[in-house]
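> Mind having a look at this structure? Questions to follow.
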Amino acid sequence: MAASSHPQVSELLAEARRAFRAEFGVEPQLAVSAPGRVNLIGEHTDYNQGLVLPMALELMTVLVGSPRMDGLVSLLTTSEDADEPRRLQFPLPTAQRSLEPGTPHWANYVKGVIQHYPDSGTIAARAQVCQQAEHSFAGVPCGIMDQLIALMGQKGHALLIDCRSLETTLVPLSDPRLAVLITNSNVHHTLGSSEYPLRRRQCEEVAQALGKESLREVKLEELDAGKELVSKEGFRRARHVVGEIRRTAQAADALSRGDYRAFGRLMVESHQSLRDDFEVSCPELDQLVEAALSVPGVYGSRMTGGGFGGCTVTLLEAAAASRTMQHIQEQYSGTTTFYLSQAADGAMVLPL
C-alpha cells in the first residue's frame with residue numbers, strides 16, 4: 001500500500017498562478033510557501049510553556065499575490081474545504097478602523113495576521129503575531145509551536161522548541177534508513193472543540209494552586225507533594241504535562257544520538273499518558289497505534305495533535321513502511337489516509 005502523494009510545490013504554484021490570472025487578469029508578482037507540520041512528541045505542552053519537537057512536512061500551502069495602491073485587500077482561496085464566498089475584499093486596518101473576524105471563516109486567520117502584523121521583523125515576533133491571530137480571529141487558543149516550526153523548519157531536522165523562552169534547537173532527522181509515517185484516522189469527534197479549552201484551563205488551575213506561573217515550573221515531585229491541593233482530574237492532567245515535558249527533552253537527546261529505539265519508547269509512553277491521564281485519545285487512535293506497534297521495524301507510535309481524532313505519527317524503518325501501512329489498514333475498522341514525509345524546510349519566498 002502506498003502513501004497518499006502530495007502535490008509538489010511547483011504544481012501548487014502553477015495552480016495558484018492560474019487562479020490569480022483568471023481572477024485578476026494579471027500575473028502575480030510574488031509567491032511564498034509554508035509547510036504543514038507533525039509533532040513528533042510533546043503534546044499539550046506548548047500552552048504550558050513546555051517543550052515540543054515538531055518537524056515541517058513536505059505538504060505545503062502556496063500563496064501568490066501582488067501589491068495594490070488603493071488600500072484594499074482582495075483574498076481568493078482555491079481550497080475545496082473553504083466556506084463561501086471564496087473571494088473577499090476589505091480595506092486595510094487603520095488606527096481608526098480595525099479588522100474583525102466574520103464570514104467566510106477561511107479568511108479570518110489571514111485577516112488576523114494583517115491586523116496584528118508587527119513592525120519588527122524578527123522571527124519570534126512574527127510567530128507571536130500569527131499565534132495572536134489564531135486566538136483573536138480564528139478562535140483557537142493554541143500555543144506557539146505551529147507558528148515557529150512553519151517559520152524555522154529546516155530540511156533534515158526536527159526542531160526542539162522551548163515555548164517559554166522561544167529558544168529553538170535543530171535536531172538531526174536525516175537518516176535515510178528512517179521514515180516518519182502520518183496516519184489520518186479520518187475521524188473527528190466533536191467533543192474536542194469543548195475539551196481543548198477545558199484541558200488548558202485545568203492546567204492553569206493546577207499551576208496556580210501550586211504557586212507556579214505554569215506547569216513548566218513544576219517537577220513531578222512537587223506535583224506529588226501538592227496532590228491534595230488539586231482535584232484528582234487536575235492532578236492527572238498535570239501529571240501528563242509535567243511528564244511529557246521531560247519525555248520531550250529525553251526524546252530530543254535520543255534522536256540526536258540516533259537512538260531510535262529509545263525515541264520510540266518515549267513516543268509510546270507519550271501516547272499512554274495522553275490516553276490515560278490527559279484523556280484526549282479515542283478508540284480509533286488507540287487502534288491505529290496498537291496496529292503500528294505490532295509490525296517489526298516500527299520504533300514507536302503515538303497520537304499527535306489535539307486529540308479526539310485526527311492523526312497518529314509513527315517512527316519506523318523506511319523498509320518497513322509498506323507493510324506497516326498494509327497492516328494498519330487491515331486492522332483498522334475505518335478508512336485511513338497515509339502520508340510519508342521527510343523533514344522539510346519552513347516558510348520561504350518562491351521564485352516566479
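Every chain in the C-alpha cells takes a letter, A first, then B, and so on in the order presented; its residues are numbered from 1, and the ligands are numbered from 1 following the presented order.
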Name all residues at most 6 Å from His271 (chain A) (count only C-alpha atoms; drop same-chain ones fewer than 3 positions away) and give them as a list in words.

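Close residues of His271 (chain A): Val268, Leu274, Arg302 and Met303 of chain A.
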
> Go through region 16-197 of chain A and collect every residue that DSSP, computed from the backbone, puts in alpha helix (DSSP H); the answer should be as JSON, numbers by chain.

{"A": [16, 17, 18, 19, 20, 21, 22, 23, 24, 108, 109, 110, 111, 112, 113, 114, 115, 116, 123, 124, 125, 126, 127, 128, 129, 130, 131, 132, 133, 145, 146, 147, 148, 149, 150, 151, 152, 191, 192, 193, 194, 195, 196, 197]}

> Next, write the just-selected residues to a file, as an mmCIF file, in the first residue's frame, keeping C-alpha atoms as the atom set.


```
data_model
loop_
_atom_site.group_PDB
_atom_site.id
_atom_site.type_symbol
_atom_site.label_atom_id
_atom_site.label_comp_id
_atom_site.auth_asym_id
_atom_site.auth_seq_id
_atom_site.Cartn_x
_atom_site.Cartn_y
_atom_site.Cartn_z
ATOM 1 C CA ALA A 16 -2.158 29.372 -7.767
ATOM 2 C CA ARG A 17 -0.840 31.417 -10.697
ATOM 3 C CA ARG A 18 -3.637 30.156 -12.942
ATOM 4 C CA ALA A 19 -6.273 31.065 -10.358
ATOM 5 C CA PHE A 20 -4.736 34.509 -9.860
ATOM 6 C CA ARG A 21 -4.666 35.216 -13.604
ATOM 7 C CA ALA A 22 -8.256 34.051 -14.030
ATOM 8 C CA GLU A 23 -9.493 36.232 -11.168
ATOM 9 C CA PHE A 24 -7.433 39.402 -11.598
ATOM 10 C CA ASN A 108 -10.319 35.000 9.483
ATOM 11 C CA TYR A 109 -6.775 33.832 10.161
ATOM 12 C CA VAL A 110 -5.409 35.880 7.254
ATOM 13 C CA LYS A 111 -7.329 38.936 8.440
ATOM 14 C CA GLY A 112 -5.930 38.432 11.942
ATOM 15 C CA VAL A 113 -2.344 38.344 10.701
ATOM 16 C CA ILE A 114 -2.924 41.539 8.690
ATOM 17 C CA GLN A 115 -4.469 43.235 11.724
ATOM 18 C CA HIS A 116 -1.688 42.295 14.148
ATOM 19 C CA ILE A 123 11.024 35.553 13.596
ATOM 20 C CA ALA A 124 9.769 35.366 17.187
ATOM 21 C CA ALA A 125 7.627 38.481 16.707
ATOM 22 C CA ARG A 126 6.117 37.122 13.503
ATOM 23 C CA ALA A 127 5.341 33.802 15.176
ATOM 24 C CA GLN A 128 3.645 35.550 18.092
ATOM 25 C CA VAL A 129 1.542 37.658 15.729
ATOM 26 C CA CYS A 130 0.357 34.522 13.941
ATOM 27 C CA GLN A 131 -0.476 32.977 17.306
ATOM 28 C CA GLN A 132 -2.401 36.114 18.275
ATOM 29 C CA ALA A 133 -4.351 35.866 15.012
ATOM 30 C CA MET A 145 4.524 25.535 18.160
ATOM 31 C CA ASP A 146 2.784 25.651 14.776
ATOM 32 C CA GLN A 147 3.970 29.143 14.004
ATOM 33 C CA LEU A 148 7.606 28.560 14.956
ATOM 34 C CA ILE A 149 8.031 25.291 13.070
ATOM 35 C CA ALA A 150 6.384 26.814 9.989
ATOM 36 C CA LEU A 151 8.860 29.686 10.083
ATOM 37 C CA MET A 152 12.000 27.879 11.259
ATOM 38 C CA LEU A 191 -16.067 16.620 21.830
ATOM 39 C CA GLY A 192 -12.626 18.027 21.038
ATOM 40 C CA SER A 193 -13.855 21.580 20.435
ATOM 41 C CA SER A 194 -15.007 21.915 24.048
ATOM 42 C CA GLU A 195 -12.428 19.677 25.713
ATOM 43 C CA TYR A 196 -9.336 21.520 24.411
ATOM 44 C CA PRO A 197 -10.049 24.806 26.246
#
```

> Using only C-alpha atoms, which residues sit within 9 Å of region 326-343 of chain A once same-chain residues fewer than 2 positions away are excluded, as a short mmCIF file (atom, residue, chain, number, x, y, z; two decimals) with N, CA and C atoms, in the first residue's frame?


```cif
data_model
loop_
_atom_site.label_atom_id
_atom_site.label_comp_id
_atom_site.auth_asym_id
_atom_site.auth_seq_id
_atom_site.Cartn_x
_atom_site.Cartn_y
_atom_site.Cartn_z
N MET A 1 0.85 -1.20 0.00
CA MET A 1 0.00 0.00 0.00
C MET A 1 0.87 1.23 0.00
N ALA A 2 0.55 2.20 -0.83
CA ALA A 2 1.34 3.41 -0.96
C ALA A 2 0.71 4.54 -0.15
N ALA A 3 1.58 5.43 0.32
CA ALA A 3 1.09 6.63 0.99
C ALA A 3 0.49 7.58 -0.05
N SER A 4 -0.42 8.43 0.40
CA SER A 4 -1.01 9.41 -0.50
C SER A 4 0.08 10.35 -1.00
N SER A 5 0.07 10.59 -2.30
CA SER A 5 1.04 11.51 -2.86
C SER A 5 0.59 12.93 -2.60
N HIS A 6 1.55 13.81 -2.35
CA HIS A 6 1.21 15.20 -2.13
C HIS A 6 1.76 16.03 -3.27
N ARG A 37 2.91 20.58 9.42
CA ARG A 37 3.86 20.06 10.41
C ARG A 37 3.27 18.83 11.07
N MET A 55 8.32 18.61 13.32
CA MET A 55 9.09 18.75 12.09
C MET A 55 8.15 19.28 11.01
N ALA A 56 8.71 20.07 10.09
CA ALA A 56 7.93 20.58 8.97
C ALA A 56 7.75 19.47 7.94
N LEU A 57 6.59 19.46 7.28
CA LEU A 57 6.26 18.43 6.31
C LEU A 57 6.42 18.94 4.88
N GLU A 58 6.46 17.99 3.97
CA GLU A 58 6.51 18.33 2.55
C GLU A 58 5.14 18.70 1.98
N LEU A 59 4.12 18.67 2.82
CA LEU A 59 2.79 19.17 2.45
C LEU A 59 2.79 20.68 2.61
N GLY A 153 11.45 25.68 10.33
CA GLY A 153 11.79 24.32 9.95
C GLY A 153 12.95 24.28 8.96
N GLN A 154 13.78 23.25 9.08
CA GLN A 154 14.89 23.05 8.14
C GLN A 154 14.90 21.60 7.68
N LYS A 155 15.16 21.43 6.41
CA LYS A 155 15.21 20.10 5.82
C LYS A 155 16.18 19.21 6.58
N GLY A 156 15.73 17.97 6.85
CA GLY A 156 16.59 17.02 7.53
C GLY A 156 16.70 17.22 9.02
N HIS A 157 15.79 18.02 9.60
CA HIS A 157 15.86 18.29 11.04
C HIS A 157 14.46 18.39 11.64
N ALA A 158 14.34 17.91 12.87
CA ALA A 158 13.23 18.29 13.72
C ALA A 158 13.65 19.55 14.46
N LEU A 173 17.46 14.79 11.68
CA LEU A 173 16.46 13.78 11.34
C LEU A 173 16.58 13.51 9.83
N SER A 174 17.76 13.03 9.44
CA SER A 174 18.03 12.85 8.01
C SER A 174 18.52 11.46 7.66
N ALA A 179 12.00 6.52 8.56
CA ALA A 179 10.82 7.13 7.94
C ALA A 179 9.87 7.62 9.02
N VAL A 180 9.11 8.66 8.68
CA VAL A 180 8.05 9.18 9.54
C VAL A 180 6.74 9.00 8.80
N LEU A 181 5.84 8.24 9.41
CA LEU A 181 4.54 7.93 8.81
C LEU A 181 3.44 8.64 9.59
N ILE A 182 2.65 9.44 8.89
CA ILE A 182 1.49 10.07 9.50
C ILE A 182 0.26 9.32 9.01
N THR A 183 -0.56 8.86 9.93
CA THR A 183 -1.77 8.12 9.60
C THR A 183 -2.99 8.90 10.06
N ASN A 184 -3.81 9.28 9.12
CA ASN A 184 -5.03 10.03 9.43
C ASN A 184 -6.16 9.04 9.71
N SER A 185 -6.74 9.14 10.88
CA SER A 185 -7.85 8.25 11.25
C SER A 185 -9.12 8.59 10.48
N ASN A 186 -9.16 9.79 9.92
CA ASN A 186 -10.35 10.30 9.21
C ASN A 186 -11.60 10.33 10.09
N VAL A 187 -11.38 10.50 11.39
CA VAL A 187 -12.50 10.74 12.30
C VAL A 187 -12.19 11.99 13.10
N GLU A 284 -10.31 5.04 17.99
CA GLU A 284 -9.70 4.95 16.66
C GLU A 284 -8.20 5.20 16.70
N GLN A 287 -6.45 2.28 18.32
CA GLN A 287 -6.40 1.15 17.40
C GLN A 287 -5.27 1.32 16.39
N LEU A 288 -5.08 2.53 15.89
CA LEU A 288 -4.02 2.80 14.92
C LEU A 288 -2.64 2.61 15.55
N VAL A 289 -2.48 3.10 16.76
CA VAL A 289 -1.20 2.95 17.46
C VAL A 289 -0.89 1.49 17.73
N GLU A 290 -1.87 0.76 18.23
CA GLU A 290 -1.68 -0.66 18.53
C GLU A 290 -1.31 -1.45 17.28
N ALA A 291 -1.97 -1.14 16.17
CA ALA A 291 -1.67 -1.85 14.92
C ALA A 291 -0.25 -1.55 14.45
N ALA A 292 0.16 -0.30 14.54
CA ALA A 292 1.50 0.05 14.09
C ALA A 292 2.57 -0.63 14.93
N SER A 294 2.61 -3.38 16.35
CA SER A 294 2.73 -4.84 16.19
C SER A 294 3.55 -5.23 14.96
N VAL A 295 4.05 -4.25 14.20
CA VAL A 295 4.80 -4.53 12.98
C VAL A 295 6.30 -4.45 13.26
N ALA A 321 7.90 0.53 5.88
CA ALA A 321 6.78 1.44 5.68
C ALA A 321 5.61 0.78 4.96
N SER A 322 5.88 0.07 3.89
CA SER A 322 4.79 -0.51 3.09
C SER A 322 4.01 -1.55 3.89
N ARG A 323 4.72 -2.45 4.55
CA ARG A 323 4.00 -3.49 5.30
C ARG A 323 3.29 -2.91 6.52
N THR A 324 3.83 -1.81 7.07
CA THR A 324 3.15 -1.17 8.20
C THR A 324 1.84 -0.56 7.76
N ASP A 345 11.78 22.05 4.80
CA ASP A 345 12.09 23.43 5.12
C ASP A 345 10.83 24.18 5.55
#
```

> Compile the contact shell of Ala318 (chain A) as a ChimeraX atom specification: residues with an atom at most 8 Å away, counting only C-alpha atoms, same-chain residues fewer than 6 positions apart removed.

/A:176-179

> Could the residues in this selection be written to a file with N, CA, C and O atoms, as a short mmCIF file (atom, residue, chain, number, x, y, z; two decimals), in the first residue's frame?


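Heads up, here's the output in again_3.cif:
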```
data_model
loop_
_atom_site.label_atom_id
_atom_site.label_comp_id
_atom_site.auth_asym_id
_atom_site.auth_seq_id
_atom_site.Cartn_x
_atom_site.Cartn_y
_atom_site.Cartn_z
N PRO A 176 18.64 8.14 6.14
CA PRO A 176 17.83 7.57 5.06
C PRO A 176 17.18 6.24 5.41
O PRO A 176 16.26 5.80 4.71
N ARG A 177 17.64 5.59 6.47
CA ARG A 177 17.04 4.32 6.88
C ARG A 177 15.78 4.53 7.70
O ARG A 177 15.10 3.57 8.06
N LEU A 178 15.46 5.79 7.98
CA LEU A 178 14.37 6.14 8.89
C LEU A 178 13.22 6.74 8.10
O LEU A 178 13.42 7.38 7.07
N ALA A 179 12.00 6.52 8.56
CA ALA A 179 10.82 7.13 7.94
C ALA A 179 9.87 7.62 9.02
O ALA A 179 9.84 7.09 10.13
#
```

> Would you please extract all strand (DSSP E) residues from region 7-196 of chain A, as assigned by DSSP on the backbone, and give them as JSON, numbers by chain?

{"A": [30, 31, 32, 33, 34, 35, 36, 37, 38, 39, 40, 41, 51, 52, 53, 54, 55, 56, 57, 58, 59, 60, 61, 62, 63, 64, 65, 72, 73, 74, 75, 76, 87, 88, 89, 90, 91, 157, 158, 159, 160, 161, 162, 168, 169, 170, 171, 172, 178, 179, 180, 181, 182, 183, 184, 185, 186, 187, 188]}

> Report, in Å to a single decimal, how far apart CA of Val9 (chain A) and CA of Gly346 (chain A) are.

12.6 Å

> For Leu12 (chain A), list every protein, DNA or RNA residue within 8 Å, evaluated using only C-alpha atoms, and leave out those in the same chain fewer than 4 positions away; present the list as a list of chain:residue names.

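The residues that qualify are A:Pro7, A:Gln8, A:Ala16, A:Thr61, A:Val62.
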
> With only C-alpha atoms as the atoms that count, which of A:Ser214, A:Ser98, A:Ser256, A:Ser301 lies nearest to Thr45 (chain A)?

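Using only C-alpha atoms, the shortest distance to Thr45 (chain A) belongs to A:Ser214.
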
> Between A:Ala34, A:Val298, A:Leu53, A:Leu352, which has the minimum distance to Ser10 (chain A) (counting only C-alpha atoms)?

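With only C-alpha atoms as the atom set, the closest residue is A:Leu352.
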
> Quote the spacing between CA of Arg164 (chain A) and CA of Gly50 (chain A) in Å to one decimal place.

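If I compute the distance from CA of Arg164 (chain A) to CA of Gly50 (chain A), I get 6.5 Å.
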
> What is the CA of Glu317 (chain A) to CA of Tyr260 (chain A) distance in Å?

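Separating CA of Glu317 (chain A) from CA of Tyr260 (chain A) is a distance of 9.5 Å.
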
> Could you check the closest approach to Leu198 (chain A) for each of A:Gly297, A:Gly25, A:Gly234, A:Pro283 and tell me which residue wins, using only C-alpha atoms?

A:Gly234
